[in-house]
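*Asks:* So that we are looking at the same thing, I have put the structure below in structure tokens.
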Amino acid sequence: MRPDDRELDDEIRGHLAIEVQQRIDRGESPEQARLNALRQFGYLPQMKEEMHRVWYSRWYDVAEAMLQEMRVGLRSLLRAKGLAATVVITLALGIGANAAIFSVVQGVLLRPLVNRGEERLVYIRQGAPGLGADSVAFSVPEIKDIRERATTIESFGEFSTVEFTLVGLGDPRVIQAGVVDGHYFDVVGLRASHGRLIEPSDDGPKAAGVAVLTNRFWTQSLNSDPSVVGKTIQLGTRSATVIGVLEPSVPYPAETEIISNVVTSPHHLGATMVTNRAHRMTELFGRLAPGATLESARAELTAAHAAMVREHPEAYSAKANVQVSVKRLRDQIASPARTILLVLLAAAAVVFVIACSNVANLILARSVRREGELAVRAALGGGGGALRRTLLAESLVLCGAGAALGLLLARPVMSIVSRFASRFSVRALDVTRDAGLLWVGGGPA
């Protein structure tokens, strides 16, 4: 354990008292013994400094000196409040904007999904560029044809968006729900935080109705009540048992409150849904087979889709030019927001560069005005290193204050940017404040 200054003083006094006593025992008078002992010990502050260095490294001394310089710098800046406030506010705006926008960029574009095996998870969709439709859902017959022709896709998951009148969890209300097949959750790689999720055994017209609560609905509307698992609810005309709560995840392809199996939706069991090729309301997810690549899956599904269109010309308008596209789910979710977020990040970087330029000019002007003070310090023995340390300490005080204020500003700015980015990617809804915000704020500082 390192001694503090008080313990070092006690040790020096103890050794000095021993030396004085030994001299008295040898016949010296107390006064003479003390003077001779002090002469032998030398300059006591220097001795204390040498003892100090035994326990503390040179870096400790440098840090201690820098802290002292920062205290002096703070007192100096308090005498120039206008300049200090201008520099701090300028830095805060630049740092806060960069930290907020980079946090959103990281959350939307860089952070991995919670889905297990996301590198094999793909989103398959149709498009009709001739009609100006970038995304068209699939019908049940189309999905059946694709399943039969695909070898690069290990398994498919189906998701349809339906409105239900929910009864049994608070006041009756109309909710946005997802209807999925039993393979959906395995395909998208999600798990339950409570209970279980829908499985293949829950498929078929004779299966019991089951439902899974999305995490957002469970936490915000039901106050994270674990007792809801096992309750029986009414979804429209069908009853269902709540079997679990989904882990926090990106609400894609639609933000829903409940996800149920097919039997809870009479429409999904009707002839129109099952047989009509033009009745398109199902989103399709896939998991790549082992060894398959995105390119091979895209080529195979493009060929399979083209063959399907040729076999059923009555269901596809020649003008529509219907095509199929295959993307990794992460890219599908993030790509609509990529351009706008990168533009915002570049704009924030330009603002930060301008802020740094203005701050540099202000500090340079202050240094010029302090030329006389610095000359006096140099005349009194202050070396170039000491003078540079003084100026660096003042800059650290200003940058630290600017970073602290910038991080406070970053929180509301991040909320504004994430709400704006959510127009392009639902993933922006899940951007949270974390330790990365501190690192991004501290880096520019």
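If you're wondering about the labels, chains in the structure tokens are A, B, ... by order shown, residues count from 1 in each chain, ligands from 1 in order shown.
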Kindly provide the residues of stretch 294-386 of chain A that approach stretch 81-92 of chain A to within 12 Å, each paired with its closest atom pair and their distance in Å to one decimal, based on only C-alpha atoms, listed by chain and increasing number, as a Markdown table.

*Replies:*
```
| residue | atom | partner | partner_atom | distance |
| --- | --- | --- | --- | --- |
| A:Val351 | CA | A:Thr90 | CA | 9.8 |
| A:Phe352 | CA | A:Leu91 | CA | 7.7 |
| A:Val353 | CA | A:Leu91 | CA | 10.0 |
| A:Ile354 | CA | A:Thr90 | CA | 9.4 |
| A:Ala355 | CA | A:Thr90 | CA | 5.8 |
| A:Cys356 | CA | A:Leu91 | CA | 7.1 |
| A:Ser357 | CA | A:Thr90 | CA | 10.2 |
| A:Asn358 | CA | A:Thr90 | CA | 8.0 |
| A:Val359 | CA | A:Val87 | CA | 5.7 |
| A:Ala360 | CA | A:Val87 | CA | 9.1 |
| A:Asn361 | CA | A:Val87 | CA | 10.1 |
| A:Leu362 | CA | A:Leu83 | CA | 7.5 |
| A:Ile363 | CA | A:Val87 | CA | 8.4 |
| A:Leu364 | CA | A:Leu83 | CA | 11.6 |
| A:Ala365 | CA | A:Leu83 | CA | 10.2 |
| A:Arg366 | CA | A:Leu83 | CA | 8.5 |
| A:Ser367 | CA | A:Leu83 | CA | 12.0 |
```

*Asks:* What's the 10 Å shell around A:Gln126, counting only C-alpha atoms, without same-chain residues fewer than 6 positions away, as a ChimeraX atom specification?

*Replies:* /A:133-138,283-284,305,322-326

*Asks:* Produce a file of the selected residues containing C-alpha atoms, as a CSV table (one decimal), in the first residue's frame.

*Replies:*
```csv
chain,number,residue,atom,x,y,z
A,133,ALA,CA,-44.1,-0.9,-56.4
A,134,ASP,CA,-40.8,-1.8,-54.8
A,135,SER,CA,-42.2,-4.3,-52.3
A,136,VAL,CA,-45.0,-6.7,-53.0
A,137,ALA,CA,-46.0,-9.5,-50.6
A,138,PHE,CA,-46.4,-13.2,-51.7
A,283,GLU,CA,-43.9,-11.7,-46.1
A,284,LEU,CA,-41.3,-14.3,-46.7
A,305,HIS,CA,-39.6,-17.0,-59.7
A,322,VAL,CA,-42.6,-8.6,-61.5
A,323,GLN,CA,-39.2,-9.6,-60.1
A,324,VAL,CA,-37.9,-11.2,-57.0
A,325,SER,CA,-35.1,-9.8,-54.8
A,326,VAL,CA,-33.1,-11.5,-52.0
```

*Asks:* Between atom CA of A:Val162 and atom CA of A:Gly178, what is the spacing in Å?

*Replies:*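 Between atom CA of A:Gly178 and atom CA of A:Val162 the gap works out to 6.0 Å.
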
*Asks:* Which residues are near A:Lys327? Cut-off 8 Å, only C-alpha atoms, ignore same chain within fewer than 5 positions. Put them as a PyMOL selection string.

*Replies:* chain A and resi 122-124+294+332

*Asks:* Export all heavy atoms of the chosen residues as a PDB file, in the first residue's frame?

*Replies:*
```
ATOM      1  N   VAL A 122     -32.163 -14.242 -44.542  1.00  0.00           N
ATOM      2  CA  VAL A 122     -32.447 -13.417 -45.721  1.00  0.00           C
ATOM      3  C   VAL A 122     -33.928 -13.045 -45.747  1.00  0.00           C
ATOM      4  O   VAL A 122     -34.781 -13.736 -45.165  1.00  0.00           O
ATOM      5  CB  VAL A 122     -32.067 -14.147 -47.034  1.00  0.00           C
ATOM      6  CG1 VAL A 122     -30.582 -14.420 -47.078  1.00  0.00           C
ATOM      7  CG2 VAL A 122     -32.854 -15.442 -47.201  1.00  0.00           C
ATOM      8  N   TYR A 123     -34.188 -11.943 -46.426  1.00  0.00           N
ATOM      9  CA  TYR A 123     -35.558 -11.466 -46.634  1.00  0.00           C
ATOM     10  C   TYR A 123     -35.839 -11.525 -48.130  1.00  0.00           C
ATOM     11  O   TYR A 123     -35.060 -11.017 -48.940  1.00  0.00           O
ATOM     12  CB  TYR A 123     -35.697 -10.042 -46.115  1.00  0.00           C
ATOM     13  CG  TYR A 123     -37.061  -9.435 -46.331  1.00  0.00           C
ATOM     14  CD1 TYR A 123     -38.152  -9.817 -45.563  1.00  0.00           C
ATOM     15  CD2 TYR A 123     -37.249  -8.461 -47.313  1.00  0.00           C
ATOM     16  CE1 TYR A 123     -39.399  -9.247 -45.763  1.00  0.00           C
ATOM     17  CE2 TYR A 123     -38.489  -7.881 -47.512  1.00  0.00           C
ATOM     18  CZ  TYR A 123     -39.563  -8.283 -46.731  1.00  0.00           C
ATOM     19  OH  TYR A 123     -40.795  -7.722 -46.933  1.00  0.00           O
ATOM     20  N   ILE A 124     -36.936 -12.161 -48.493  1.00  0.00           N
ATOM     21  CA  ILE A 124     -37.282 -12.379 -49.901  1.00  0.00           C
ATOM     22  C   ILE A 124     -38.542 -11.577 -50.196  1.00  0.00           C
ATOM     23  O   ILE A 124     -39.529 -11.659 -49.453  1.00  0.00           O
ATOM     24  CB  ILE A 124     -37.533 -13.882 -50.172  1.00  0.00           C
ATOM     25  CG1 ILE A 124     -36.338 -14.705 -49.678  1.00  0.00           C
ATOM     26  CG2 ILE A 124     -37.775 -14.132 -51.659  1.00  0.00           C
ATOM     27  CD1 ILE A 124     -36.645 -16.180 -49.517  1.00  0.00           C
ATOM     28  N   LEU A 294     -25.292 -15.983 -50.456  1.00  0.00           N
ATOM     29  CA  LEU A 294     -26.381 -15.093 -50.833  1.00  0.00           C
ATOM     30  C   LEU A 294     -26.507 -15.015 -52.355  1.00  0.00           C
ATOM     31  O   LEU A 294     -27.624 -14.994 -52.891  1.00  0.00           O
ATOM     32  CB  LEU A 294     -26.124 -13.701 -50.245  1.00  0.00           C
ATOM     33  CG  LEU A 294     -27.176 -12.637 -50.551  1.00  0.00           C
ATOM     34  CD1 LEU A 294     -28.514 -13.002 -49.920  1.00  0.00           C
ATOM     35  CD2 LEU A 294     -26.707 -11.267 -50.062  1.00  0.00           C
ATOM     36  N   GLN A 332     -31.604  -5.345 -45.424  1.00  0.00           N
ATOM     37  CA  GLN A 332     -32.954  -4.943 -45.787  1.00  0.00           C
ATOM     38  C   GLN A 332     -33.507  -3.917 -44.795  1.00  0.00           C
ATOM     39  O   GLN A 332     -34.161  -2.945 -45.183  1.00  0.00           O
ATOM     40  CB  GLN A 332     -33.862  -6.179 -45.819  1.00  0.00           C
ATOM     41  CG  GLN A 332     -35.338  -5.901 -45.991  1.00  0.00           C
ATOM     42  CD  GLN A 332     -35.670  -5.288 -47.340  1.00  0.00           C
ATOM     43  OE1 GLN A 332     -34.944  -5.478 -48.304  1.00  0.00           O
ATOM     44  NE2 GLN A 332     -36.769  -4.555 -47.409  1.00  0.00           N
TER      45      GLN A 332
END
```

*Asks:* Could you give me, as a list of chain:residue names, each residue of stretch 234-399 of chain A that DSSP assigns to strand (DSSP E) when run on this structure's backbone?

*Replies:*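 Restricting stretch 234-399 of chain A to strand (DSSP E) produces A:Gln234, A:Leu235, A:Arg238, A:Ser239, A:Ala240, A:Thr241, A:Val242, A:Ile243, A:Gly244, A:Val245, A:Leu246, A:Ile258, A:Ile259, A:Ser260, A:Asn261, A:Thr282, A:Glu283, A:Leu284, A:Phe285, A:Gly286, A:Arg287, A:Leu288, A:Gln323, A:Val324, A:Ser325, A:Val326, A:Lys327, A:Arg328.
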
*Asks:* Report, in Å with one decimal, the straight-line distance from atom CA of A:His312 to atom CA of A:Glu158.

*Replies:*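 Separation between atom CA of A:His312 and atom CA of A:Glu158: 22.0 Å.
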
*Asks:* Enumerate as number ranges by chain all residues of stretch 166-250 of chain A assigned to helix (DSSP H, G or I) by DSSP on the backbone, naming them with the chain letters and numbers the document uses.

*Replies:* A: 184-188, 200-202, 215-220, 226-228

*Asks:* Emit the selected residues as a CSV table (one decimal), in the first residue's frame, including N, CA and C atoms.

*Replies:*
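Listing of selection_10.csv after writing:
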```csv
chain,number,residue,atom,x,y,z
A,184,TYR,N,-41.5,-19.9,-38.3
A,184,TYR,CA,-41.1,-18.5,-38.4
A,184,TYR,C,-40.0,-18.2,-37.4
A,185,PHE,N,-40.2,-18.4,-36.1
A,185,PHE,CA,-39.2,-18.0,-35.1
A,185,PHE,C,-37.9,-18.7,-35.2
A,186,ASP,N,-37.9,-20.0,-35.6
A,186,ASP,CA,-36.7,-20.7,-35.9
A,186,ASP,C,-35.9,-20.1,-37.0
A,187,VAL,N,-36.6,-19.7,-38.1
A,187,VAL,CA,-36.0,-19.1,-39.2
A,187,VAL,C,-35.3,-17.8,-38.9
A,188,VAL,N,-36.0,-16.9,-38.2
A,188,VAL,CA,-35.5,-15.6,-37.9
A,188,VAL,C,-34.6,-15.6,-36.7
A,200,PRO,N,-43.7,-25.7,-35.0
A,200,PRO,CA,-44.4,-26.4,-36.0
A,200,PRO,C,-45.6,-27.2,-35.5
A,201,SER,N,-45.6,-27.6,-34.2
A,201,SER,CA,-46.7,-28.3,-33.7
A,201,SER,C,-47.9,-27.5,-33.5
A,202,ASP,N,-47.8,-26.1,-33.7
A,202,ASP,CA,-48.9,-25.2,-33.6
A,202,ASP,C,-49.5,-24.9,-34.9
A,215,ASN,N,-42.1,-7.9,-27.0
A,215,ASN,CA,-41.5,-7.3,-25.8
A,215,ASN,C,-42.0,-5.9,-25.6
A,216,ARG,N,-42.1,-5.1,-26.6
A,216,ARG,CA,-42.5,-3.7,-26.5
A,216,ARG,C,-43.9,-3.6,-25.9
A,217,PHE,N,-44.8,-4.4,-26.4
A,217,PHE,CA,-46.2,-4.4,-25.9
A,217,PHE,C,-46.2,-4.9,-24.5
A,218,TRP,N,-45.5,-5.9,-24.2
A,218,TRP,CA,-45.5,-6.5,-22.8
A,218,TRP,C,-45.0,-5.5,-21.8
A,219,THR,N,-43.9,-4.8,-22.2
A,219,THR,CA,-43.3,-3.9,-21.2
A,219,THR,C,-44.1,-2.5,-21.1
A,220,GLN,N,-44.5,-2.0,-22.2
A,220,GLN,CA,-45.2,-0.7,-22.2
A,220,GLN,C,-46.7,-0.8,-21.9
A,226,PRO,N,-45.4,-10.9,-15.6
A,226,PRO,CA,-45.2,-12.3,-16.1
A,226,PRO,C,-46.4,-13.2,-16.0
A,227,SER,N,-47.4,-12.8,-15.2
A,227,SER,CA,-48.6,-13.6,-15.0
A,227,SER,C,-49.5,-13.7,-16.3
A,228,VAL,N,-49.2,-12.8,-17.3
A,228,VAL,CA,-50.1,-12.9,-18.5
A,228,VAL,C,-49.8,-14.2,-19.3
```

*Asks:* Which residue, A:Glu394, A:Glu19, A:Glu28, A:Asp10, has the smallest gap to A:Gln40 when you use only C-alpha atoms?

*Replies:*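 Checking each of A:Glu394, A:Glu19, A:Glu28, A:Asp10 against A:Gln40, counting only C-alpha atoms, the winner is A:Glu19.
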
*Asks:* Which residues are close to A:Arg34, i.e. within 9 Å by only C-alpha atoms, leaving aside same-chain residues fewer than 2 positions away? Reply as a list in words.

*Replies:*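 Neighbouring residues, sequence-local ones excluded: Leu16, Ala17, Glu19, Val20, Gln21, Arg23, Ile24, Ser29, Pro30, Glu31, Gln32, Asn36, Ala37, Leu38 and Arg39 of chain A.
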
*Asks:* Which one is closest to A:Leu131: A:Thr232, A:Ser317, A:Thr282, A:Ser418? Count only C-alpha atoms.

*Replies:*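 Of A:Thr232, A:Ser317, A:Thr282, A:Ser418, the one nearest A:Leu131, counting only C-alpha atoms, is A:Ser317.
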
*Asks:* In terms of the shortest atom-to-atom distance over only C-alpha atoms, which of A:Val180, A:Glu148, A:Leu109, A:Glu11 is closest to A:Ser425?

*Replies:*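 Closest to A:Ser425 of all the choices is A:Leu109.
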
*Asks:* So, counting only C-alpha atoms, which residue among A:Ser103, A:Ser265, A:Thr214, A:Asn223 is closest to A:Ile243?

*Replies:*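 So, comparing all the options, the nearest one is A:Thr214.
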
*Asks:* Applying 9 Å and only C-alpha atoms, which residues near A:Gly130 remain after dropping the ones on its own chain fewer than 6 positions away? List them as a list in words.

*Replies:*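 Contacts, in chain order: Ala318, Lys319, Ala320, Asn321 and Val322 of chain A.
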
*Asks:* Would you put the residues from that selection into a file with all heavy atoms, as a PDB file, in the first residue's frame?

*Replies:*
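The result, stored in result-v6.pdb:
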```pdb
ATOM      1  N   ALA A 318     -47.896  -8.187 -67.647  1.00  0.00           N
ATOM      2  CA  ALA A 318     -46.648  -7.977 -68.379  1.00  0.00           C
ATOM      3  C   ALA A 318     -46.092  -6.584 -68.122  1.00  0.00           C
ATOM      4  O   ALA A 318     -44.873  -6.370 -68.083  1.00  0.00           O
ATOM      5  CB  ALA A 318     -46.888  -8.192 -69.864  1.00  0.00           C
ATOM      6  N   LYS A 319     -46.987  -5.628 -67.920  1.00  0.00           N
ATOM      7  CA  LYS A 319     -46.555  -4.254 -67.652  1.00  0.00           C
ATOM      8  C   LYS A 319     -45.867  -4.125 -66.291  1.00  0.00           C
ATOM      9  O   LYS A 319     -44.970  -3.298 -66.104  1.00  0.00           O
ATOM     10  CB  LYS A 319     -47.778  -3.334 -67.711  1.00  0.00           C
ATOM     11  CG  LYS A 319     -47.465  -1.869 -67.448  1.00  0.00           C
ATOM     12  CD  LYS A 319     -48.732  -1.036 -67.485  1.00  0.00           C
ATOM     13  CE  LYS A 319     -48.430   0.420 -67.152  1.00  0.00           C
ATOM     14  NZ  LYS A 319     -49.667   1.251 -67.145  1.00  0.00           N
ATOM     15  N   ALA A 320     -46.279  -4.974 -65.335  1.00  0.00           N
ATOM     16  CA  ALA A 320     -45.731  -4.868 -63.984  1.00  0.00           C
ATOM     17  C   ALA A 320     -44.261  -5.266 -63.924  1.00  0.00           C
ATOM     18  O   ALA A 320     -43.500  -4.764 -63.100  1.00  0.00           O
ATOM     19  CB  ALA A 320     -46.543  -5.731 -63.024  1.00  0.00           C
ATOM     20  N   ASN A 321     -43.848  -6.200 -64.796  1.00  0.00           N
ATOM     21  CA  ASN A 321     -42.462  -6.678 -64.803  1.00  0.00           C
ATOM     22  C   ASN A 321     -42.058  -7.179 -63.411  1.00  0.00           C
ATOM     23  O   ASN A 321     -41.077  -6.716 -62.809  1.00  0.00           O
ATOM     24  CB  ASN A 321     -41.520  -5.567 -65.266  1.00  0.00           C
ATOM     25  CG  ASN A 321     -40.093  -6.051 -65.472  1.00  0.00           C
ATOM     26  OD1 ASN A 321     -39.874  -7.247 -65.727  1.00  0.00           O
ATOM     27  ND2 ASN A 321     -39.129  -5.155 -65.345  1.00  0.00           N
ATOM     28  N   VAL A 322     -42.833  -8.121 -62.886  1.00  0.00           N
ATOM     29  CA  VAL A 322     -42.635  -8.623 -61.525  1.00  0.00           C
ATOM     30  C   VAL A 322     -41.280  -9.326 -61.416  1.00  0.00           C
ATOM     31  O   VAL A 322     -40.927 -10.160 -62.251  1.00  0.00           O
ATOM     32  CB  VAL A 322     -43.767  -9.585 -61.130  1.00  0.00           C
ATOM     33  CG1 VAL A 322     -43.532 -10.103 -59.718  1.00  0.00           C
ATOM     34  CG2 VAL A 322     -45.107  -8.879 -61.216  1.00  0.00           C
TER      35      VAL A 322
END
```
